[in-house]
$ cat run_5.cif   # mmCIF, N, CA and C atoms, pLDDT in the B column; chains and numbers go by the auth columns
data_query
loop_
_atom_site.group_PDB
_atom_site.id
_atom_site.type_symbol
_atom_site.label_atom_id
_atom_site.label_comp_id
_atom_site.label_asym_id
_atom_site.label_seq_id
_atom_site.Cartn_x
_atom_site.Cartn_y
_atom_site.Cartn_z
_atom_site.B_iso_or_equiv
_atom_site.auth_seq_id
_atom_site.auth_asym_id
ATOM 1 N N MET A 1 230.927 94.959 -57.342 51.00 266 G
ATOM 2 C CA MET A 1 231.374 94.007 -58.344 51.00 266 G
ATOM 3 C C MET A 1 232.832 94.315 -58.693 51.00 266 G
ATOM 4 N N GLN A 2 233.616 93.286 -58.853 68.00 267 G
ATOM 5 C CA GLN A 2 235.019 93.470 -59.195 68.00 267 G
ATOM 6 C C GLN A 2 235.167 93.813 -60.669 68.00 267 G
ATOM 7 N N ILE A 3 236.217 94.578 -60.981 72.00 268 G
ATOM 8 C CA ILE A 3 236.524 94.827 -62.381 72.00 268 G
ATOM 9 C C ILE A 3 237.726 93.978 -62.756 72.00 268 G
ATOM 10 N N SER A 4 237.817 93.633 -64.014 86.00 269 G
ATOM 11 C CA SER A 4 238.857 92.717 -64.473 86.00 269 G
ATOM 12 C C SER A 4 240.245 93.323 -64.304 86.00 269 G
ATOM 13 N N PRO A 5 241.266 92.470 -64.207 88.00 270 G
ATOM 14 C CA PRO A 5 242.639 92.977 -64.115 88.00 270 G
ATOM 15 C C PRO A 5 243.032 93.838 -65.319 88.00 270 G
ATOM 16 N N LEU A 6 242.551 93.479 -66.504 86.00 271 G
ATOM 17 C CA LEU A 6 242.859 94.279 -67.692 86.00 271 G
ATOM 18 C C LEU A 6 242.261 95.680 -67.562 86.00 271 G
ATOM 19 N N LEU A 7 241.013 95.749 -67.135 85.00 272 G
ATOM 20 C CA LEU A 7 240.373 97.052 -66.951 85.00 272 G
ATOM 21 C C LEU A 7 241.071 97.850 -65.852 85.00 272 G
ATOM 22 N N GLN A 8 241.513 97.188 -64.805 87.00 273 G
ATOM 23 C CA GLN A 8 242.256 97.867 -63.742 87.00 273 G
ATOM 24 C C GLN A 8 243.546 98.481 -64.289 87.00 273 G
ATOM 25 N N ARG A 9 244.240 97.752 -65.177 89.00 274 G
ATOM 26 C CA ARG A 9 245.474 98.274 -65.778 89.00 274 G
ATOM 27 C C ARG A 9 245.183 99.478 -66.661 89.00 274 G
ATOM 28 N N LEU A 10 244.083 99.420 -67.415 87.00 275 G
ATOM 29 C CA LEU A 10 243.720 100.552 -68.268 87.00 275 G
ATOM 30 C C LEU A 10 243.372 101.780 -67.431 87.00 275 G
ATOM 31 N N VAL A 11 242.684 101.576 -66.338 89.00 276 G
ATOM 32 C CA VAL A 11 242.345 102.691 -65.450 89.00 276 G
ATOM 33 C C VAL A 11 243.620 103.278 -64.849 89.00 276 G
ATOM 34 N N ALA A 12 244.534 102.420 -64.423 90.00 277 G
ATOM 35 C CA ALA A 12 245.785 102.888 -63.820 90.00 277 G
ATOM 36 C C ALA A 12 246.638 103.653 -64.832 90.00 277 G
ATOM 37 N N GLY A 13 246.582 103.237 -66.115 89.00 278 G
ATOM 38 C CA GLY A 13 247.360 103.902 -67.156 89.00 278 G
ATOM 39 C C GLY A 13 246.763 105.222 -67.606 89.00 278 G
ATOM 40 N N GLY A 14 245.482 105.424 -67.349 88.00 279 G
ATOM 41 C CA GLY A 14 244.872 106.707 -67.655 88.00 279 G
ATOM 42 C C GLY A 14 243.917 106.790 -68.824 88.00 279 G
ATOM 43 N N PRO A 15 243.890 105.839 -69.795 90.00 280 G
ATOM 44 C CA PRO A 15 242.987 106.038 -70.927 90.00 280 G
ATOM 45 C C PRO A 15 241.523 105.702 -70.645 90.00 280 G
ATOM 46 N N VAL A 16 241.248 105.033 -69.526 90.00 281 G
ATOM 47 C CA VAL A 16 239.895 104.578 -69.226 90.00 281 G
ATOM 48 C C VAL A 16 239.511 105.030 -67.815 90.00 281 G
ATOM 49 N N THR A 17 238.234 105.355 -67.652 90.00 282 G
ATOM 50 C CA THR A 17 237.709 105.674 -66.322 90.00 282 G
ATOM 51 C C THR A 17 236.615 104.676 -65.969 90.00 282 G
ATOM 52 N N VAL A 18 236.431 104.442 -64.697 88.00 283 G
ATOM 53 C CA VAL A 18 235.353 103.584 -64.208 88.00 283 G
ATOM 54 C C VAL A 18 234.651 104.336 -63.088 88.00 283 G
ATOM 55 N N LYS A 19 233.314 104.450 -63.227 88.00 284 G
ATOM 56 C CA LYS A 19 232.510 105.147 -62.220 88.00 284 G
ATOM 57 C C LYS A 19 231.388 104.227 -61.757 88.00 284 G
ATOM 58 N N PRO A 20 230.882 104.440 -60.562 84.00 285 G
ATOM 59 C CA PRO A 20 229.721 103.664 -60.115 84.00 285 G
ATOM 60 C C PRO A 20 228.495 104.000 -60.969 84.00 285 G
ATOM 61 N N TYR A 21 227.662 103.011 -61.203 85.00 286 G
ATOM 62 C CA TYR A 21 226.418 103.200 -61.939 85.00 286 G
ATOM 63 C C TYR A 21 225.333 103.552 -60.927 85.00 286 G
ATOM 64 N N GLU A 22 224.704 104.699 -61.097 85.00 287 G
ATOM 65 C CA GLU A 22 223.772 105.209 -60.086 85.00 287 G
ATOM 66 C C GLU A 22 222.545 104.326 -59.879 85.00 287 G
ATOM 67 N N CYS A 23 222.074 103.676 -60.936 87.00 288 G
ATOM 68 C CA CYS A 23 220.843 102.886 -60.823 87.00 288 G
ATOM 69 C C CYS A 23 221.062 101.532 -60.140 87.00 288 G
ATOM 70 N N ASP A 24 222.286 101.024 -60.187 83.00 289 G
ATOM 71 C CA ASP A 24 222.583 99.720 -59.599 83.00 289 G
ATOM 72 C C ASP A 24 224.002 99.764 -59.046 83.00 289 G
ATOM 73 N N ARG A 25 224.137 99.779 -57.759 78.00 290 G
ATOM 74 C CA ARG A 25 225.449 99.943 -57.128 78.00 290 G
ATOM 75 C C ARG A 25 226.402 98.783 -57.411 78.00 290 G
ATOM 76 N N ARG A 26 225.882 97.656 -57.887 80.00 291 G
ATOM 77 C CA ARG A 26 226.755 96.523 -58.207 80.00 291 G
ATOM 78 C C ARG A 26 227.448 96.704 -59.547 80.00 291 G
ATOM 79 N N GLU A 27 226.934 97.579 -60.378 82.00 292 G
ATOM 80 C CA GLU A 27 227.467 97.776 -61.729 82.00 292 G
ATOM 81 C C GLU A 27 228.417 98.962 -61.777 82.00 292 G
ATOM 82 N N ARG A 28 229.230 99.004 -62.837 82.00 293 G
ATOM 83 C CA ARG A 28 230.170 100.103 -63.060 82.00 293 G
ATOM 84 C C ARG A 28 230.026 100.583 -64.501 82.00 293 G
ATOM 85 N N LEU A 29 230.285 101.876 -64.713 86.00 294 G
ATOM 86 C CA LEU A 29 230.300 102.449 -66.056 86.00 294 G
ATOM 87 C C LEU A 29 231.749 102.691 -66.455 86.00 294 G
ATOM 88 N N ALA A 30 232.165 102.085 -67.547 86.00 295 G
ATOM 89 C CA ALA A 30 233.527 102.292 -68.052 86.00 295 G
ATOM 90 C C ALA A 30 233.444 103.239 -69.237 86.00 295 G
ATOM 91 N N GLY A 31 234.388 104.150 -69.318 90.00 296 G
ATOM 92 C CA GLY A 31 234.427 105.100 -70.421 90.00 296 G
ATOM 93 C C GLY A 31 235.858 105.467 -70.762 90.00 296 G
ATOM 94 N N MET A 32 236.039 105.959 -71.983 91.00 297 G
ATOM 95 C CA MET A 32 237.379 106.376 -72.400 91.00 297 G
ATOM 96 C C MET A 32 237.496 107.885 -72.313 91.00 297 G
ATOM 97 N N VAL A 33 238.656 108.341 -71.889 91.00 298 G
ATOM 98 C CA VAL A 33 238.959 109.770 -71.849 91.00 298 G
ATOM 99 C C VAL A 33 239.682 110.124 -73.151 91.00 298 G
ATOM 100 N N ASP A 34 239.984 111.401 -73.348 91.00 299 G
ATOM 101 C CA ASP A 34 240.643 111.841 -74.585 91.00 299 G
ATOM 102 C C ASP A 34 241.932 111.076 -74.861 91.00 299 G
ATOM 103 N N LYS A 35 242.693 110.794 -73.820 90.00 300 G
ATOM 104 C CA LYS A 35 243.939 110.030 -73.984 90.00 300 G
ATOM 105 C C LYS A 35 243.644 108.648 -74.575 90.00 300 G
ATOM 106 N N GLY A 36 242.580 108.008 -74.123 89.00 301 G
ATOM 107 C CA GLY A 36 242.198 106.695 -74.634 89.00 301 G
ATOM 108 C C GLY A 36 241.799 106.740 -76.098 89.00 301 G
ATOM 109 N N TRP A 37 241.023 107.761 -76.489 90.00 302 G
ATOM 110 C CA TRP A 37 240.613 107.899 -77.889 90.00 302 G
ATOM 111 C C TRP A 37 241.819 108.161 -78.783 90.00 302 G
ATOM 112 N N ASP A 38 242.776 108.942 -78.299 91.00 303 G
ATOM 113 C CA ASP A 38 243.987 109.216 -79.065 91.00 303 G
ATOM 114 C C ASP A 38 244.787 107.934 -79.283 91.00 303 G
ATOM 115 N N ILE A 39 244.933 107.134 -78.241 88.00 304 G
ATOM 116 C CA ILE A 39 245.646 105.857 -78.360 88.00 304 G
ATOM 117 C C ILE A 39 244.925 104.946 -79.344 88.00 304 G
ATOM 118 N N LEU A 40 243.609 104.890 -79.271 87.00 305 G
ATOM 119 C CA LEU A 40 242.833 104.041 -80.178 87.00 305 G
ATOM 120 C C LEU A 40 243.013 104.475 -81.628 87.00 305 G
ATOM 121 N N ARG A 41 242.950 105.779 -81.903 88.00 306 G
ATOM 122 C CA ARG A 41 243.134 106.276 -83.276 88.00 306 G
ATOM 123 C C ARG A 41 244.511 105.896 -83.818 88.00 306 G
ATOM 124 N N ARG A 42 245.552 106.105 -83.010 89.00 307 G
ATOM 125 C CA ARG A 42 246.908 105.784 -83.458 89.00 307 G
ATOM 126 C C ARG A 42 247.082 104.282 -83.668 89.00 307 G
ATOM 127 N N THR A 43 246.472 103.483 -82.804 88.00 308 G
ATOM 128 C CA THR A 43 246.567 102.031 -82.936 88.00 308 G
ATOM 129 C C THR A 43 245.874 101.559 -84.202 88.00 308 G
ATOM 130 N N LEU A 44 244.706 102.100 -84.498 84.00 309 G
ATOM 131 C CA LEU A 44 243.995 101.702 -85.713 84.00 309 G
ATOM 132 C C LEU A 44 244.788 102.040 -86.965 84.00 309 G
ATOM 133 N N MET A 45 245.454 103.180 -86.975 83.00 310 G
ATOM 134 C CA MET A 45 246.277 103.549 -88.132 83.00 310 G
ATOM 135 C C MET A 45 247.421 102.562 -88.315 83.00 310 G
ATOM 136 N N VAL A 46 248.041 102.134 -87.239 83.00 311 G
ATOM 137 C CA VAL A 46 249.135 101.158 -87.330 83.00 311 G
ATOM 138 C C VAL A 46 248.613 99.843 -87.888 83.00 311 G
ATOM 139 N N VAL A 47 247.471 99.394 -87.388 77.00 312 G
ATOM 140 C CA VAL A 47 246.895 98.130 -87.857 77.00 312 G
ATOM 141 C C VAL A 47 246.517 98.234 -89.329 77.00 312 G
ATOM 142 N N GLU A 48 245.867 99.322 -89.729 76.00 313 G
ATOM 143 C CA GLU A 48 245.465 99.484 -91.124 76.00 313 G
ATOM 144 C C GLU A 48 246.672 99.546 -92.050 76.00 313 G
ATOM 145 N N ASN A 49 247.729 100.213 -91.644 79.00 314 G
ATOM 146 C CA ASN A 49 248.924 100.313 -92.480 79.00 314 G
ATOM 147 C C ASN A 49 249.693 99.005 -92.526 79.00 314 G
ATOM 148 N N THR A 50 249.595 98.188 -91.492 76.00 315 G
ATOM 149 C CA THR A 50 250.318 96.927 -91.443 76.00 315 G
ATOM 150 C C THR A 50 249.679 95.893 -92.355 76.00 315 G
ATOM 151 N N ASN A 51 248.384 95.812 -92.378 74.00 316 G
ATOM 152 C CA ASN A 51 247.711 94.798 -93.173 74.00 316 G
ATOM 153 C C ASN A 51 246.487 95.394 -93.869 74.00 316 G
ATOM 154 N N PRO A 52 246.696 96.144 -94.959 74.00 317 G
ATOM 155 C CA PRO A 52 245.568 96.813 -95.617 74.00 317 G
ATOM 156 C C PRO A 52 244.576 95.850 -96.264 74.00 317 G
ATOM 157 N N ARG A 53 245.004 94.632 -96.618 73.00 318 G
ATOM 158 C CA ARG A 53 244.071 93.698 -97.265 73.00 318 G
ATOM 159 C C ARG A 53 242.908 93.338 -96.348 73.00 318 G
ATOM 160 N N VAL A 54 243.166 93.281 -95.063 71.00 319 G
ATOM 161 C CA VAL A 54 242.107 92.944 -94.114 71.00 319 G
ATOM 162 C C VAL A 54 241.021 94.016 -94.121 71.00 319 G
ATOM 163 N N PHE A 55 241.429 95.267 -94.277 70.00 320 G
ATOM 164 C CA PHE A 55 240.488 96.372 -94.164 70.00 320 G
ATOM 165 C C PHE A 55 239.929 96.840 -95.502 70.00 320 G
ATOM 166 N N GLU A 56 240.535 96.436 -96.613 74.00 321 G
ATOM 167 C CA GLU A 56 240.062 96.978 -97.893 74.00 321 G
ATOM 168 C C GLU A 56 238.638 96.533 -98.194 74.00 321 G
ATOM 169 N N SER A 57 238.232 95.349 -97.757 71.00 322 G
ATOM 170 C CA SER A 57 236.851 94.919 -97.990 71.00 322 G
ATOM 171 C C SER A 57 235.861 95.755 -97.172 71.00 322 G
ATOM 172 N N LEU A 58 236.303 96.302 -96.054 73.00 323 G
ATOM 173 C CA LEU A 58 235.418 97.150 -95.253 73.00 323 G
ATOM 174 C C LEU A 58 235.151 98.482 -95.938 73.00 323 G
ATOM 175 N N TYR A 59 236.158 98.980 -96.654 72.00 324 G
ATOM 176 C CA TYR A 59 236.043 100.292 -97.286 72.00 324 G
ATOM 177 C C TYR A 59 235.522 100.210 -98.716 72.00 324 G
ATOM 178 N N ARG A 60 235.570 99.036 -99.311 70.00 325 G
ATOM 179 C CA ARG A 60 235.118 98.879 -100.691 70.00 325 G
ATOM 180 C C ARG A 60 233.598 98.970 -100.727 70.00 325 G
ATOM 181 N N ARG A 61 233.107 99.796 -101.610 67.00 326 G
ATOM 182 C CA ARG A 61 231.653 99.932 -101.750 67.00 326 G
ATOM 183 C C ARG A 61 231.164 98.948 -102.806 67.00 326 G
ATOM 184 N N PRO A 62 229.992 98.392 -102.601 65.00 327 G
ATOM 185 C CA PRO A 62 229.457 97.462 -103.603 65.00 327 G
ATOM 186 C C PRO A 62 229.179 98.181 -104.922 65.00 327 G
ATOM 187 N N LYS A 63 229.415 97.470 -106.016 64.00 328 G
ATOM 188 C CA LYS A 63 229.150 98.052 -107.339 64.00 328 G
ATOM 189 C C LYS A 63 227.649 98.083 -107.581 64.00 328 G
ATOM 190 N N PRO A 64 227.152 99.185 -108.159 61.00 329 G
ATOM 191 C CA PRO A 64 225.693 99.283 -108.410 61.00 329 G
ATOM 192 C C PRO A 64 225.237 98.372 -109.522 61.00 329 G
#
$ encode --input "run_5.cif" --output "structure tokens"
Amino acid sequence: MQISPLLQRLVAGGPVTVKPYECDRRERLAGMVDKGWDILRRTLMVVENTNPRVFESLYRRPKP
């Protein structure tokens, strides 16, 4: 099975790996390596700092 061009770019850049799925040779398992998790953490911080109103409802706890 082909993988998408976006996934191919992520694999080439290093943050994502793709391995064959042992139970079905047509499928692939995609996973993130430490570099990918680091990029994701930094990206989330930029997004949260850029527009905190979008995220404040996620962090707000309901009043009892």
$ resolve_selection --input "run_5.cif" --expression "the PyMOL selection byres ((chain G and resi 298) around 6.5)" --output "list in words"
Gly279, Pro280, Val281, Thr282, Gly296, Met297, Asp299, Lys300, Gly301, Trp302 and Asp303 of chain G
$ select_by_dssp --input "run_5.cif" --residues "chain G" --states "strand (DSSP E or B)" --output "PyMOL selection string"
chain G and resi 281-285+293-297
$ resolve_selection --input "run_5.cif" --expression "the PyMOL selection byres (((chain G and resi 284 and name CA) around 12) and name CA)" --output "list in words"
Met266, Ile268, Val276, Val281, Thr282, Val283, Pro285, Tyr286, Glu287, Cys288, Asp289, Arg290, Arg291, Glu292, Arg293, Leu294, Ala295, Gly296 and Met297 of chain G
$ write_last_selection --input "run_5.cif" --atoms "N, CA and C atoms" --output "PDB file, in the coordinates of the input"
ATOM      1  N   MET G 266     230.927  94.959 -57.342  1.00 51.00           N
ATOM      2  CA  MET G 266     231.374  94.007 -58.344  1.00 51.00           C
ATOM      3  C   MET G 266     232.832  94.315 -58.693  1.00 51.00           C
ATOM      4  N   ILE G 268     236.217  94.578 -60.981  1.00 72.00           N
ATOM      5  CA  ILE G 268     236.524  94.827 -62.381  1.00 72.00           C
ATOM      6  C   ILE G 268     237.726  93.978 -62.756  1.00 72.00           C
ATOM      7  N   VAL G 276     242.684 101.576 -66.338  1.00 89.00           N
ATOM      8  CA  VAL G 276     242.345 102.691 -65.450  1.00 89.00           C
ATOM      9  C   VAL G 276     243.620 103.278 -64.849  1.00 89.00           C
ATOM     10  N   VAL G 281     241.248 105.033 -69.526  1.00 90.00           N
ATOM     11  CA  VAL G 281     239.895 104.578 -69.226  1.00 90.00           C
ATOM     12  C   VAL G 281     239.511 105.030 -67.815  1.00 90.00           C
ATOM     13  N   THR G 282     238.234 105.355 -67.652  1.00 90.00           N
ATOM     14  CA  THR G 282     237.709 105.674 -66.322  1.00 90.00           C
ATOM     15  C   THR G 282     236.615 104.676 -65.969  1.00 90.00           C
ATOM     16  N   VAL G 283     236.431 104.442 -64.697  1.00 88.00           N
ATOM     17  CA  VAL G 283     235.353 103.584 -64.208  1.00 88.00           C
ATOM     18  C   VAL G 283     234.651 104.336 -63.088  1.00 88.00           C
ATOM     19  N   PRO G 285     230.882 104.440 -60.562  1.00 84.00           N
ATOM     20  CA  PRO G 285     229.721 103.664 -60.115  1.00 84.00           C
ATOM     21  C   PRO G 285     228.495 104.000 -60.969  1.00 84.00           C
ATOM     22  N   TYR G 286     227.662 103.011 -61.203  1.00 85.00           N
ATOM     23  CA  TYR G 286     226.418 103.200 -61.939  1.00 85.00           C
ATOM     24  C   TYR G 286     225.333 103.552 -60.927  1.00 85.00           C
ATOM     25  N   GLU G 287     224.704 104.699 -61.097  1.00 85.00           N
ATOM     26  CA  GLU G 287     223.772 105.209 -60.086  1.00 85.00           C
ATOM     27  C   GLU G 287     222.545 104.326 -59.879  1.00 85.00           C
ATOM     28  N   CYS G 288     222.074 103.676 -60.936  1.00 87.00           N
ATOM     29  CA  CYS G 288     220.843 102.886 -60.823  1.00 87.00           C
ATOM     30  C   CYS G 288     221.062 101.532 -60.140  1.00 87.00           C
ATOM     31  N   ASP G 289     222.286 101.024 -60.187  1.00 83.00           N
ATOM     32  CA  ASP G 289     222.583  99.720 -59.599  1.00 83.00           C
ATOM     33  C   ASP G 289     224.002  99.764 -59.046  1.00 83.00           C
ATOM     34  N   ARG G 290     224.137  99.779 -57.759  1.00 78.00           N
ATOM     35  CA  ARG G 290     225.449  99.943 -57.128  1.00 78.00           C
ATOM     36  C   ARG G 290     226.402  98.783 -57.411  1.00 78.00           C
ATOM     37  N   ARG G 291     225.882  97.656 -57.887  1.00 80.00           N
ATOM     38  CA  ARG G 291     226.755  96.523 -58.207  1.00 80.00           C
ATOM     39  C   ARG G 291     227.448  96.704 -59.547  1.00 80.00           C
ATOM     40  N   GLU G 292     226.934  97.579 -60.378  1.00 82.00           N
ATOM     41  CA  GLU G 292     227.467  97.776 -61.729  1.00 82.00           C
ATOM     42  C   GLU G 292     228.417  98.962 -61.777  1.00 82.00           C
ATOM     43  N   ARG G 293     229.230  99.004 -62.837  1.00 82.00           N
ATOM     44  CA  ARG G 293     230.170 100.103 -63.060  1.00 82.00           C
ATOM     45  C   ARG G 293     230.026 100.583 -64.501  1.00 82.00           C
ATOM     46  N   LEU G 294     230.285 101.876 -64.713  1.00 86.00           N
ATOM     47  CA  LEU G 294     230.300 102.449 -66.056  1.00 86.00           C
ATOM     48  C   LEU G 294     231.749 102.691 -66.455  1.00 86.00           C
ATOM     49  N   ALA G 295     232.165 102.085 -67.547  1.00 86.00           N
ATOM     50  CA  ALA G 295     233.527 102.292 -68.052  1.00 86.00           C
ATOM     51  C   ALA G 295     233.444 103.239 -69.237  1.00 86.00           C
ATOM     52  N   GLY G 296     234.388 104.150 -69.318  1.00 90.00           N
ATOM     53  CA  GLY G 296     234.427 105.100 -70.421  1.00 90.00           C
ATOM     54  C   GLY G 296     235.858 105.467 -70.762  1.00 90.00           C
ATOM     55  N   MET G 297     236.039 105.959 -71.983  1.00 91.00           N
ATOM     56  CA  MET G 297     237.379 106.376 -72.400  1.00 91.00           C
ATOM     57  C   MET G 297     237.496 107.885 -72.313  1.00 91.00           C
TER      58      MET G 297
END
$ atom_distance --input "run_5.cif" --atom1 "atom C of Leu305 of chain G" --atom2 "atom N of Arg325 of chain G"
19.9 Å
$ atom_distance --input "run_5.cif" --atom1 "atom CA of Val312 of chain G" --atom2 "atom C of Tyr324 of chain G"
15.9 Å
$ select_by_dssp --input "run_5.cif" --residues "chain G" --states "alpha helix (DSSP H)" --output "ChimeraX atom specification"
/G:270-278,299-315,317-324
$ atom_distance --input "run_5.cif" --atom1 "atom N of Pro270 of chain G" --atom2 "atom CA of Glu313 of chain G"
28.1 Å
$ axis_aligned_box --input "run_5.cif" --around "segment 274-290 of chain G" --padding-each-side "4 Å" --output "lines of an AutoDock Vina configuration file"
center_x = 234.1
center_y = 102.3
center_z = -64.0
size_x = 34.5
size_y = 17.0
size_z = 21.8
